[in-house]
>>> print(open('input_21.txt').read())   # compact mmCIF, C-alpha atoms
# COMPACT_ATOMS: atom_id res chain seq x y z
CA MET A 1 84.61 156.88 69.54
CA GLU A 2 84.63 153.24 68.42
CA LYS A 3 82.39 150.95 70.41
CA ILE A 4 84.21 147.90 71.76
CA GLN A 5 82.25 144.67 72.02
CA VAL A 6 83.15 142.57 75.02
CA THR A 7 82.48 138.85 75.03
CA THR A 8 82.39 137.30 78.47
CA PRO A 9 83.57 133.71 78.88
CA MET A 10 80.12 132.54 79.94
CA ALA A 11 78.70 133.88 76.70
CA ASP A 12 80.97 131.60 74.67
CA SER A 13 79.05 128.81 72.96
CA SER A 14 81.58 126.26 74.18
CA PHE A 15 80.16 126.61 77.70
CA ASN A 16 77.21 124.36 76.89
CA PRO A 17 75.58 121.86 79.27
CA GLU A 18 77.85 119.07 78.05
CA PHE A 19 80.95 121.13 78.84
CA LEU A 20 79.66 122.08 82.27
CA GLN A 21 78.85 118.45 83.04
CA ALA A 22 82.33 117.38 81.92
CA HIS A 23 83.88 120.09 84.10
CA ALA A 24 81.96 118.86 87.15
CA GLU A 25 82.88 115.23 86.41
CA LEU A 26 86.55 116.21 86.12
CA TRP A 27 86.44 117.87 89.53
CA ASN A 28 84.66 114.88 91.06
CA LEU A 29 87.21 112.47 89.57
CA THR A 30 90.16 114.64 90.64
CA PHE A 31 88.96 114.67 94.23
CA SER A 32 87.67 111.09 94.30
CA TYR A 33 90.49 110.04 96.63
CA LEU A 34 88.59 111.99 99.27
CA LYS A 35 85.76 109.47 99.02
CA ALA A 36 87.98 106.62 100.17
CA MET A 37 89.52 108.69 102.96
CA ALA A 38 86.12 109.96 104.15
CA LEU A 39 84.77 106.40 104.10
CA GLU A 40 87.73 105.23 106.19
CA CYS A 41 87.15 108.14 108.57
CA ALA A 42 83.45 107.28 108.94
CA ILE A 43 84.31 103.69 109.83
CA LYS A 44 86.99 104.63 112.36
CA LEU A 45 84.62 107.13 113.98
CA GLY A 46 81.92 104.46 114.14
CA ILE A 47 79.33 106.52 112.26
CA PRO A 48 77.47 103.59 110.60
CA ASN A 49 77.18 101.88 114.00
CA ALA A 50 76.02 105.12 115.63
CA ILE A 51 73.23 105.56 113.09
CA HIS A 52 72.25 101.89 113.43
CA ARG A 53 71.99 102.24 117.21
CA CYS A 54 69.60 105.14 116.67
CA GLY A 55 67.31 102.83 114.69
CA GLY A 56 68.82 103.35 111.26
CA SER A 57 68.36 107.11 111.17
CA ALA A 58 69.80 109.93 113.26
CA SER A 59 69.77 113.70 113.42
CA LEU A 60 72.99 115.64 113.32
CA SER A 61 72.61 116.57 116.99
CA GLU A 62 72.30 112.87 117.91
CA LEU A 63 75.43 112.04 115.94
CA VAL A 64 77.43 114.88 117.49
CA ILE A 65 76.61 113.47 120.92
CA SER A 66 77.33 109.84 120.09
CA ILE A 67 80.49 110.12 117.94
CA PRO A 68 83.62 110.19 120.12
CA VAL A 69 85.59 113.18 118.87
CA PRO A 70 87.09 116.11 120.81
CA GLU A 71 84.87 119.16 121.30
CA THR A 72 87.11 121.17 118.97
CA ARG A 73 86.35 118.72 116.12
CA LYS A 74 82.57 118.50 116.55
CA PRO A 75 81.88 121.69 114.53
CA HIS A 76 83.44 119.93 111.52
CA LEU A 77 81.20 116.85 111.65
CA PRO A 78 78.35 118.44 109.65
CA ARG A 79 80.70 118.97 106.70
CA LEU A 80 81.91 115.37 106.82
CA MET A 81 78.34 114.08 107.04
CA ARG A 82 77.18 116.31 104.18
CA PHE A 83 79.99 114.93 101.99
CA LEU A 84 79.26 111.32 102.92
CA ALA A 85 75.59 111.84 102.06
CA ALA A 86 76.48 113.54 98.77
CA VAL A 87 78.53 110.51 97.62
CA GLY A 88 75.85 108.01 98.69
CA VAL A 89 77.33 106.49 101.84
CA PHE A 90 74.33 107.79 103.79
CA SER A 91 71.08 109.41 102.70
CA LEU A 92 70.00 112.81 104.00
CA ASP A 93 66.33 113.58 104.56
CA ASN A 94 65.27 117.20 104.96
CA PRO A 95 61.56 117.11 105.79
CA THR A 96 61.48 120.91 106.22
CA ILE A 97 62.84 121.41 102.69
CA ASP A 98 64.88 124.24 104.09
CA GLU A 99 67.74 125.16 101.75
CA GLU A 100 69.84 126.51 104.60
CA VAL A 101 69.40 123.25 106.50
CA THR A 102 70.47 121.26 103.43
CA GLU A 103 73.51 123.43 102.79
CA LYS A 104 74.73 123.00 106.36
CA GLY A 105 74.38 119.21 106.17
CA MET A 106 71.63 119.14 108.77
CA GLY A 107 68.52 116.97 108.70
CA ILE A 108 68.06 113.24 109.24
CA TYR A 109 70.81 110.84 108.14
CA ARG A 110 69.83 107.31 107.24
CA LEU A 111 71.75 104.15 106.47
CA THR A 112 71.81 103.13 102.82
CA PRO A 113 72.30 99.59 101.47
CA LEU A 114 75.98 100.50 101.15
CA SER A 115 76.46 101.75 104.71
CA ARG A 116 74.49 98.81 106.14
CA LEU A 117 77.39 96.66 104.92
CA LEU A 118 79.59 98.62 107.34
CA VAL A 119 77.55 97.99 110.49
CA ASP A 120 79.21 95.59 112.95
CA GLY A 121 77.71 92.12 112.82
CA SER A 122 77.58 92.01 116.62
CA ILE A 123 74.96 94.77 116.63
CA GLY A 124 72.98 93.64 113.60
CA GLY A 125 74.98 93.85 110.38
CA ILE A 126 73.14 93.18 107.13
CA GLY A 127 72.17 89.61 106.30
CA GLY A 128 74.07 88.04 109.19
CA HIS A 129 77.29 88.14 107.17
CA GLY A 130 79.18 90.51 109.43
CA SER A 131 80.61 93.89 108.62
CA LEU A 132 82.74 94.76 105.59
CA SER A 133 84.35 97.63 107.50
CA PRO A 134 87.51 95.56 108.12
CA PHE A 135 87.79 95.01 104.35
CA VAL A 136 87.63 98.76 103.69
CA LEU A 137 90.28 99.43 106.34
CA SER A 138 92.53 96.72 104.90
CA GLN A 139 92.50 98.42 101.48
CA THR A 140 92.96 102.04 102.62
CA THR A 141 96.15 101.58 104.64
CA LYS A 142 99.09 103.97 104.45
CA TYR A 143 100.95 101.29 102.51
CA HIS A 144 98.28 101.08 99.81
CA VAL A 145 97.86 104.84 99.52
CA SER A 146 101.57 105.67 99.34
CA ALA A 147 102.15 102.89 96.79
CA THR A 148 99.41 104.32 94.58
CA MET A 149 101.07 107.74 94.75
CA ASN A 150 104.10 106.12 93.04
CA LEU A 151 102.09 104.99 90.02
CA SER A 152 103.09 107.73 87.56
CA ASP A 153 106.77 107.65 88.60
CA TRP A 154 106.75 103.87 88.21
CA PHE A 155 105.33 104.14 84.68
CA MET A 156 107.97 106.66 83.63
CA THR A 157 110.96 104.83 85.12
CA GLU A 158 112.70 102.08 83.19
CA ASP A 159 113.36 99.22 85.59
CA LYS A 160 117.02 98.30 85.85
CA GLU A 161 116.21 95.62 88.39
CA VAL A 162 113.52 92.99 88.14
CA ALA A 163 112.79 93.62 91.83
CA ILE A 164 111.10 96.95 91.04
CA GLU A 165 108.19 95.21 89.35
CA MET A 166 105.38 97.09 91.08
CA PRO A 167 104.74 100.54 92.60
CA PHE A 168 104.25 98.92 96.03
CA ARG A 169 107.79 97.56 96.04
CA ALA A 170 109.15 100.87 94.73
CA ALA A 171 107.48 102.65 97.65
CA HIS A 172 108.28 100.19 100.45
CA GLY A 173 111.28 98.18 99.32
CA THR A 174 109.38 94.90 99.53
CA ASP A 175 106.06 93.39 98.51
CA LEU A 176 102.81 93.26 100.51
CA TRP A 177 103.75 89.98 102.19
CA GLY A 178 107.12 91.40 103.18
CA VAL A 179 105.42 94.38 104.81
CA MET A 180 103.03 92.12 106.72
CA SER A 181 105.91 89.97 107.98
CA ARG A 182 107.58 93.02 109.57
CA ASP A 183 104.49 95.01 110.62
CA ALA A 184 102.29 93.01 112.98
CA ASN A 185 99.49 95.60 112.93
CA MET A 186 99.34 95.59 109.12
CA ASN A 187 99.30 91.79 109.18
CA GLU A 188 96.34 91.87 111.57
CA VAL A 189 94.44 94.57 109.65
CA PHE A 190 94.93 92.87 106.28
CA ASN A 191 93.92 89.41 107.48
CA ALA A 192 90.87 90.83 109.27
CA GLY A 193 89.86 92.55 106.02
CA MET A 194 90.27 89.41 103.95
CA GLY A 195 88.34 87.48 106.57
CA SER A 196 85.37 89.85 106.50
CA ASP A 197 85.13 89.73 102.71
CA SER A 198 85.61 85.96 102.68
CA ARG A 199 82.74 85.53 105.13
CA LEU A 200 80.33 87.31 102.80
CA ALA A 201 81.56 85.53 99.66
CA ILE A 202 81.62 82.01 101.07
CA ASN A 203 78.22 82.35 102.77
CA PHE A 204 76.77 83.32 99.40
CA ILE A 205 78.51 80.45 97.61
CA ILE A 206 77.47 77.87 100.21
CA SER A 207 73.82 78.95 99.99
CA LYS A 208 73.65 79.39 96.20
CA CYS A 209 76.33 77.06 94.84
CA GLY A 210 76.61 74.38 97.54
CA GLU A 211 76.81 71.60 94.95
CA VAL A 212 80.40 72.70 94.29
CA PHE A 213 81.37 70.89 97.49
CA GLU A 214 79.53 67.65 96.74
CA GLY A 215 81.58 64.48 96.37
CA ILE A 216 84.67 65.68 98.21
CA SER A 217 85.86 64.61 101.65
CA SER A 218 88.89 66.86 102.06
CA LEU A 219 89.75 70.42 101.05
CA VAL A 220 92.83 72.62 101.39
CA ASP A 221 92.25 76.39 101.35
CA VAL A 222 95.52 77.65 99.89
CA GLY A 223 96.42 81.12 101.17
CA GLY A 224 93.36 80.86 103.40
CA GLY A 225 94.61 83.31 106.02
CA THR A 226 92.99 82.95 109.41
CA GLY A 227 90.59 80.27 108.15
CA THR A 228 87.32 82.20 107.80
CA THR A 229 86.41 80.46 104.54
CA ALA A 230 87.57 76.99 105.60
CA ARG A 231 85.63 77.19 108.88
CA ALA A 232 82.45 78.18 107.06
CA ILE A 233 82.82 75.22 104.69
CA ALA A 234 83.58 72.80 107.55
CA LYS A 235 80.52 73.95 109.49
CA ALA A 236 78.22 73.72 106.45
CA PHE A 237 79.63 70.37 105.30
CA PRO A 238 80.86 68.48 108.40
CA HIS A 239 81.97 65.50 106.32
CA ILE A 240 84.67 67.61 104.63
CA LYS A 241 88.03 67.76 106.40
CA CYS A 242 89.18 71.34 105.85
CA SER A 243 92.74 72.63 106.11
CA VAL A 244 94.40 76.00 105.59
CA LEU A 245 97.83 76.34 103.99
CA ASP A 246 99.50 79.71 104.47
CA LEU A 247 102.84 81.32 105.27
CA PRO A 248 104.30 80.94 108.77
CA ASN A 249 103.78 84.62 109.70
CA VAL A 250 100.03 84.07 109.17
CA ILE A 251 99.70 80.60 110.70
CA ASP A 252 101.74 81.52 113.79
CA THR A 253 99.15 84.14 114.81
CA ILE A 254 96.19 81.74 114.74
CA THR A 255 94.62 80.03 117.74
CA VAL A 256 93.79 76.43 116.85
CA ASP A 257 90.03 75.84 117.10
CA GLY A 258 89.70 72.13 116.31
CA ILE A 259 87.48 72.87 113.30
CA VAL A 260 90.23 73.48 110.75
CA GLU A 261 93.79 72.18 110.49
CA TYR A 262 96.39 74.92 109.95
CA ILE A 263 99.51 74.13 107.93
CA ALA A 264 102.50 76.46 107.56
CA GLY A 265 104.02 76.15 104.12
CA ASP A 266 104.56 77.57 100.64
CA MET A 267 102.14 76.80 97.81
CA MET A 268 104.98 77.21 95.32
CA GLU A 269 106.77 74.24 96.87
CA GLN A 270 104.04 71.79 97.87
CA ILE A 271 100.32 71.54 98.61
CA PRO A 272 99.16 68.64 100.83
CA PRO A 273 97.22 65.82 99.12
CA THR A 274 93.49 66.54 99.06
CA ASP A 275 90.28 66.00 97.11
CA ALA A 276 89.88 69.70 96.39
CA VAL A 277 92.09 72.77 96.47
CA LEU A 278 90.44 76.14 97.06
CA LEU A 279 92.06 79.28 95.64
CA LYS A 280 90.16 82.39 96.71
CA TYR A 281 91.67 85.71 95.60
CA ILE A 282 95.04 84.00 95.12
CA LEU A 283 95.88 83.78 91.43
CA HIS A 284 95.23 87.46 90.78
CA ASP A 285 98.29 88.21 92.94
CA TRP A 286 100.63 86.44 90.53
CA ASN A 287 101.85 86.68 86.94
CA ASP A 288 100.90 84.02 84.42
CA GLU A 289 104.11 82.01 84.86
CA ASP A 290 103.68 81.81 88.64
CA CYS A 291 99.97 80.99 88.27
CA VAL A 292 100.88 77.99 86.12
CA LYS A 293 103.37 76.86 88.81
CA ILE A 294 100.70 77.18 91.52
CA LEU A 295 98.13 75.33 89.45
CA LYS A 296 100.58 72.52 88.73
CA GLN A 297 101.10 72.13 92.48
CA CYS A 298 97.30 72.01 92.86
CA ARG A 299 97.11 69.35 90.16
CA ASN A 300 99.75 67.27 91.95
CA ALA A 301 97.83 67.59 95.24
CA ILE A 302 94.49 66.39 93.88
CA HIS A 303 96.11 63.62 91.79
CA ALA A 304 97.96 62.33 94.84
CA GLN A 305 94.71 61.82 96.74
CA LYS A 306 92.39 60.00 94.35
CA PRO A 307 90.87 60.38 90.87
CA GLY A 308 88.09 62.92 90.52
CA GLY A 309 89.67 65.81 92.40
CA LYS A 310 89.29 69.43 91.39
CA VAL A 311 90.49 72.97 91.99
CA ILE A 312 87.89 75.54 93.07
CA ILE A 313 88.79 79.12 92.12
CA ILE A 314 86.97 82.18 93.45
CA ASP A 315 88.20 85.26 91.62
CA ILE A 316 87.27 87.89 89.07
CA VAL A 317 86.63 87.18 85.38
CA VAL A 318 86.84 90.60 83.75
CA GLY A 319 84.05 91.44 81.32
CA SER A 320 80.83 92.06 83.23
CA PRO A 321 78.10 93.70 81.10
CA SER A 322 77.16 95.88 84.09
CA LYS A 323 78.95 99.25 84.17
CA ASP A 324 79.27 99.26 87.97
CA MET A 325 80.41 95.64 88.11
CA PHE A 326 82.93 96.22 85.31
CA GLU A 327 84.29 99.27 87.14
CA ALA A 328 84.74 97.14 90.28
CA GLN A 329 86.59 94.52 88.21
CA VAL A 330 89.01 96.92 86.52
CA SER A 331 89.51 98.83 89.78
CA PHE A 332 90.73 95.60 91.35
CA ASP A 333 92.92 95.00 88.30
CA LEU A 334 94.59 98.40 88.78
CA LEU A 335 95.07 97.58 92.46
CA MET A 336 96.80 94.34 91.46
CA MET A 337 99.12 96.32 89.19
CA VAL A 338 100.02 98.62 92.10
CA ILE A 339 100.55 96.07 94.88
CA THR A 340 101.40 92.79 93.10
CA SER A 341 102.89 91.40 89.91
CA GLY A 342 99.52 89.87 89.05
CA LYS A 343 96.33 90.99 87.35
CA GLU A 344 92.64 90.32 86.96
CA ARG A 345 92.00 88.16 83.91
CA ASP A 346 89.30 87.82 81.27
CA GLN A 347 87.98 84.41 80.19
CA HIS A 348 90.59 83.98 77.44
CA GLU A 349 93.47 84.69 79.83
CA TRP A 350 92.08 82.25 82.39
CA HIS A 351 91.70 79.57 79.71
CA LYS A 352 95.35 79.89 78.69
CA ILE A 353 96.82 79.42 82.18
CA PHE A 354 94.45 76.50 82.84
CA MET A 355 95.60 74.71 79.70
CA ASP A 356 99.27 75.59 80.28
CA ALA A 357 99.03 73.99 83.74
CA GLY A 358 97.80 70.73 82.22
CA PHE A 359 94.09 70.85 83.08
CA SER A 360 91.59 69.43 80.62
CA HIS A 361 88.29 71.19 81.31
CA TYR A 362 86.50 73.62 83.62
CA LYS A 363 83.23 75.42 84.19
CA THR A 364 82.78 79.00 85.35
CA ARG A 365 79.76 80.92 86.59
CA PRO A 366 79.29 84.41 88.02
CA VAL A 367 78.69 84.91 91.75
CA LEU A 368 78.15 88.03 93.84
CA GLY A 369 77.95 90.24 90.77
CA PHE A 370 81.55 90.89 89.80
CA LEU A 371 83.11 87.63 91.08
CA ALA A 372 83.09 84.15 89.55
CA ILE A 373 83.57 80.58 90.73
CA THR A 374 85.43 78.09 88.57
CA GLU A 375 85.65 74.30 88.97
CA LEU A 376 88.86 73.12 87.32
CA TYR A 377 89.48 69.46 86.47
CA PRO A 378 92.63 67.51 85.41
>>> encode(input="input_21.txt", output="structure tokens")
Amino acid sequence: MEKIQVTTPMADSSFNPEFLQAHAELWNLTFSYLKAMALECAIKLGIPNAIHRCGGSASLSELVISIPVPETRKPHLPRLMRFLAAVGVFSLDNPTIDEEVTEKGMGIYRLTPLSRLLVDGSIGGIGGHGSLSPFVLSQTTKYHVSATMNLSDWFMTEDKEVAIEMPFRAAHGTDLWGVMSRDANMNEVFNAGMGSDSRLAINFIISKCGEVFEGISSLVDVGGGTGTTARAIAKAFPHIKCSVLDLPNVIDTITVDGIVEYIAGDMMEQIPPTDAVLLKYILHDWNDEDCVKILKQCRNAIHAQKPGGKVIIIDIVVGSPSKDMFEAQVSFDLLMMVITSGKERDQHEWHKIFMDAGFSHYKTRPVLGFLAITELYP
């Protein structure tokens, strides 16, 4: 009887360490959407705050007691915590080195540098800059997620109308600003998120790049939302009269504080005369043609005041040599493709729109890792 040789799949030479690593990476990438959803869940459950209140580290039993979920959901918390520790949101210490303890997600959970950014400022957030939890929540809304799910369909559909210029509009029938004008909760969540990120960015810029604000006596923060950035500048430099220009649906929700002047308007139509115009996370929302229009309005505003004005731009310049920073930059670029008609630009693309808008020179430097600040002159 002829002997039959059987080759098992695992005996195949193609199943080498490189293949196995690639297979694991493919799984991790496929399920990476779970990271964002688990992070959102952790914030809404108050897990970073709960661990902070326990002194920066907490056992699973302490977390089960302190996290407000129904009794029927508490048995599932260890699995959520194990996942969050595995992806680096928290660290997990297992002093007993018990494999069963590790597998069940038990042990001591500690805040990491990442999760410290999520602790509420009122109870001791990192560096006195407040929590970035509102920013995370503003970018993981149902509107963002459902728009992203339209990405492949959007790529494969030939637009017959200019209106369908982005997956977000294809999913919701309007752009992000249209959604915020009709959904008060989304408007509040988004502006809170932008405010929390602005607080961190502007505090860094004021402390490290304060000379940017020298020689100016007035500043208009275009698209400045609820005024977080403008208030920080006004408090740090009391001689600068700071104003915020934004759409009526934003301005109408703000309580006047006497520190900043709030102006309802449209940057495409007119920007009030000023020494300096601030554009933070604005131009990446728009295509090149619209950016040139906005910058021309900025140029008119600073020319109308007095010679020597400038435009201050806080945005991304794609091309960081750091892998993590570059990933953050191109991730934001993909987000812009999904929710706006704009994009993140590299230095050559920035140069072109600056020159097309009639500016003569500028200087750019990196801040906060993947961001940059540009001073733009007529």
>>> atom_distance(input="input_21.txt", atom1="CA of Ile206 in chain A", atom2="CA of Thr253 in chain A")
26.9 Å
>>> residues_around(input="input_21.txt", residues="Leu279 in chain A", least_positions_apart="3", cutoff="10 Å", atoms="only C-alpha atoms", output="ChimeraX atom specification")
/A:220-224,276,282-283,294-295,298,311-315,373-374
>>> atom_distance(input="input_21.txt", atom1="CA of Gly342 in chain A", atom2="CA of Tyr281 in chain A")
11.0 Å
>>> closest_residue(input="input_21.txt", among="A:Val292, A:Ile65, A:Ile302, A:Val179", to="Pro273 in chain A", atoms="all atoms listed in the file")
A:Ile302
>>> atom_distance(input="input_21.txt", atom1="CA of Ala372 in chain A", atom2="CA of Val317 in chain A")
6.3 Å
>>> residues_around(input="input_21.txt", residues="Lys343 in chain A", least_positions_apart="5", cutoff="9 Å", atoms="only C-alpha atoms", output="number ranges by chain")
A: 283-288, 332-337
>>> closest_residue(input="input_21.txt", among="A:Asn49, A:Ser207, A:Gln139, A:Ser217", to="Leu176 in chain A", atoms="only C-alpha atoms")
A:Gln139
>>> closest_atom_pairs(input="input_21.txt", of="range 28-68 of chain A", to="range 102-121 of chain A", cutoff="10 Å", atoms="all atoms listed in the file", output="tab-separated table")
residue	atom	partner	partner_atom	distance
A:Leu39	CA	A:Ser115	CA	9.5
A:Ala42	CA	A:Leu118	CA	9.6
A:Ile43	CA	A:Leu118	CA	7.4
A:Gly46	CA	A:Val119	CA	8.6
A:Ile47	CA	A:Val119	CA	8.9
A:Pro48	CA	A:Val119	CA	5.6
A:Asn49	CA	A:Val119	CA	5.3
A:Ala50	CA	A:Val119	CA	8.9
A:Ile51	CA	A:Leu111	CA	6.9
A:His52	CA	A:Val119	CA	7.2
A:Arg53	CA	A:Val119	CA	9.7
A:Cys54	CA	A:Arg110	CA	9.7
A:Gly55	CA	A:Arg110	CA	9.1
A:Gly56	CA	A:Leu111	CA	5.7
A:Ser57	CA	A:Arg110	CA	4.2
A:Ala58	CA	A:Tyr109	CA	5.3
A:Ser59	CA	A:Ile108	CA	4.5
A:Leu60	CA	A:Met106	CA	5.9
A:Ser61	CA	A:Met106	CA	8.7
A:Glu62	CA	A:Ile108	CA	9.7
A:Leu63	CA	A:Tyr109	CA	9.1
>>> residues_around(input="input_21.txt", residues="Ser322 in chain A", least_positions_apart="3", cutoff="9 Å", atoms="only C-alpha atoms", output="NGL selection string")
:A and (319 or 325-327 or 369-370)
>>> closest_residue(input="input_21.txt", among="A:Leu34, A:Val338, A:Met268, A:Ile251", to="Arg169 in chain A", atoms="all atoms listed in the file")
A:Val338
>>> residues_around(input="input_21.txt", residues="Gly265 in chain A", least_positions_apart="6", cutoff="8 Å", atoms="only C-alpha atoms", output="JSON, numbers by chain")
{"A": [245, 246, 247, 248]}
>>> closest_residue(input="input_21.txt", among="A:Val212, A:Ile254, A:Val260, A:Met166", to="Ala234 in chain A", atoms="all atoms listed in the file")
A:Val260
>>> closest_residue(input="input_21.txt", among="A:Ser133, A:Lys323, A:Met194, A:Pro167", to="Ser146 in chain A", atoms="all atoms listed in the file")
A:Pro167
>>> decode(input="input_21.txt", residues="range 132-140 of chain A", atoms="all heavy atoms", output="mmCIF file, in the first residue's frame")
data_model
loop_
_atom_site.group_PDB
_atom_site.id
_atom_site.type_symbol
_atom_site.label_atom_id
_atom_site.label_comp_id
_atom_site.auth_asym_id
_atom_site.auth_seq_id
_atom_site.Cartn_x
_atom_site.Cartn_y
_atom_site.Cartn_z
ATOM 1 N N LEU A 132 -8.332 66.546 27.489
ATOM 2 C CA LEU A 132 -8.585 66.404 26.055
ATOM 3 C C LEU A 132 -9.722 65.424 25.768
ATOM 4 O O LEU A 132 -9.980 65.090 24.610
ATOM 5 C CB LEU A 132 -7.313 65.954 25.332
ATOM 6 C CG LEU A 132 -6.226 67.016 25.178
ATOM 7 C CD1 LEU A 132 -5.020 66.445 24.439
ATOM 8 C CD2 LEU A 132 -6.749 68.252 24.449
ATOM 9 N N SER A 133 -10.411 64.981 26.820
ATOM 10 C CA SER A 133 -11.563 64.105 26.618
ATOM 11 C C SER A 133 -12.616 64.732 25.709
ATOM 12 O O SER A 133 -13.148 64.055 24.824
ATOM 13 C CB SER A 133 -12.180 63.716 27.961
ATOM 14 O OG SER A 133 -11.376 62.780 28.637
ATOM 15 N N PRO A 134 -12.954 66.029 25.889
ATOM 16 C CA PRO A 134 -13.938 66.626 24.972
ATOM 17 C C PRO A 134 -13.498 66.572 23.511
ATOM 18 O O PRO A 134 -14.333 66.414 22.614
ATOM 19 C CB PRO A 134 -14.040 68.077 25.463
ATOM 20 C CG PRO A 134 -13.682 68.006 26.908
ATOM 21 C CD PRO A 134 -12.587 66.972 26.979
ATOM 22 N N PHE A 135 -12.182 66.692 23.255
ATOM 23 C CA PHE A 135 -11.695 66.594 21.877
ATOM 24 C C PHE A 135 -11.957 65.205 21.315
ATOM 25 O O PHE A 135 -12.439 65.057 20.182
ATOM 26 C CB PHE A 135 -10.201 66.911 21.807
ATOM 27 C CG PHE A 135 -9.619 66.718 20.434
ATOM 28 C CD1 PHE A 135 -9.866 67.653 19.436
ATOM 29 C CD2 PHE A 135 -8.853 65.608 20.124
ATOM 30 C CE1 PHE A 135 -9.357 67.477 18.148
ATOM 31 C CE2 PHE A 135 -8.337 65.427 18.855
ATOM 32 C CZ PHE A 135 -8.586 66.359 17.863
ATOM 33 N N VAL A 136 -11.663 64.169 22.098
ATOM 34 C CA VAL A 136 -11.907 62.795 21.641
ATOM 35 C C VAL A 136 -13.389 62.604 21.324
ATOM 36 O O VAL A 136 -13.751 62.054 20.272
ATOM 37 C CB VAL A 136 -11.451 61.773 22.704
ATOM 38 C CG1 VAL A 136 -11.834 60.355 22.287
ATOM 39 C CG2 VAL A 136 -9.950 61.866 22.937
ATOM 40 N N LEU A 137 -14.248 63.063 22.205
ATOM 41 C CA LEU A 137 -15.693 62.896 22.008
ATOM 42 C C LEU A 137 -16.187 63.675 20.794
ATOM 43 O O LEU A 137 -17.123 63.247 20.108
ATOM 44 C CB LEU A 137 -16.451 63.332 23.263
ATOM 45 C CG LEU A 137 -16.166 62.525 24.533
ATOM 46 C CD1 LEU A 137 -16.989 63.053 25.702
ATOM 47 C CD2 LEU A 137 -16.455 61.036 24.327
ATOM 48 N N SER A 138 -15.545 64.799 20.491
ATOM 49 C CA SER A 138 -15.967 65.603 19.341
ATOM 50 C C SER A 138 -15.582 64.958 18.016
ATOM 51 O O SER A 138 -16.132 65.314 16.963
ATOM 52 C CB SER A 138 -15.362 67.007 19.420
ATOM 53 O OG SER A 138 -13.967 66.993 19.120
ATOM 54 N N GLN A 139 -14.630 64.017 18.045
ATOM 55 C CA GLN A 139 -14.157 63.377 16.817
ATOM 56 C C GLN A 139 -14.641 61.935 16.669
ATOM 57 O O GLN A 139 -14.294 61.254 15.695
ATOM 58 C CB GLN A 139 -12.622 63.408 16.772
ATOM 59 C CG GLN A 139 -12.029 64.799 16.859
ATOM 60 C CD GLN A 139 -12.522 65.729 15.777
ATOM 61 O OE1 GLN A 139 -12.529 65.371 14.593
ATOM 62 N NE2 GLN A 139 -12.955 66.928 16.154
ATOM 63 N N THR A 140 -15.414 61.460 17.619
ATOM 64 C CA THR A 140 -15.934 60.084 17.552
ATOM 65 C C THR A 140 -17.463 60.096 17.584
ATOM 66 O O THR A 140 -18.081 59.160 18.055
ATOM 67 C CB THR A 140 -15.393 59.235 18.722
ATOM 68 O OG1 THR A 140 -15.636 59.912 19.973
ATOM 69 C CG2 THR A 140 -13.901 58.991 18.572
#
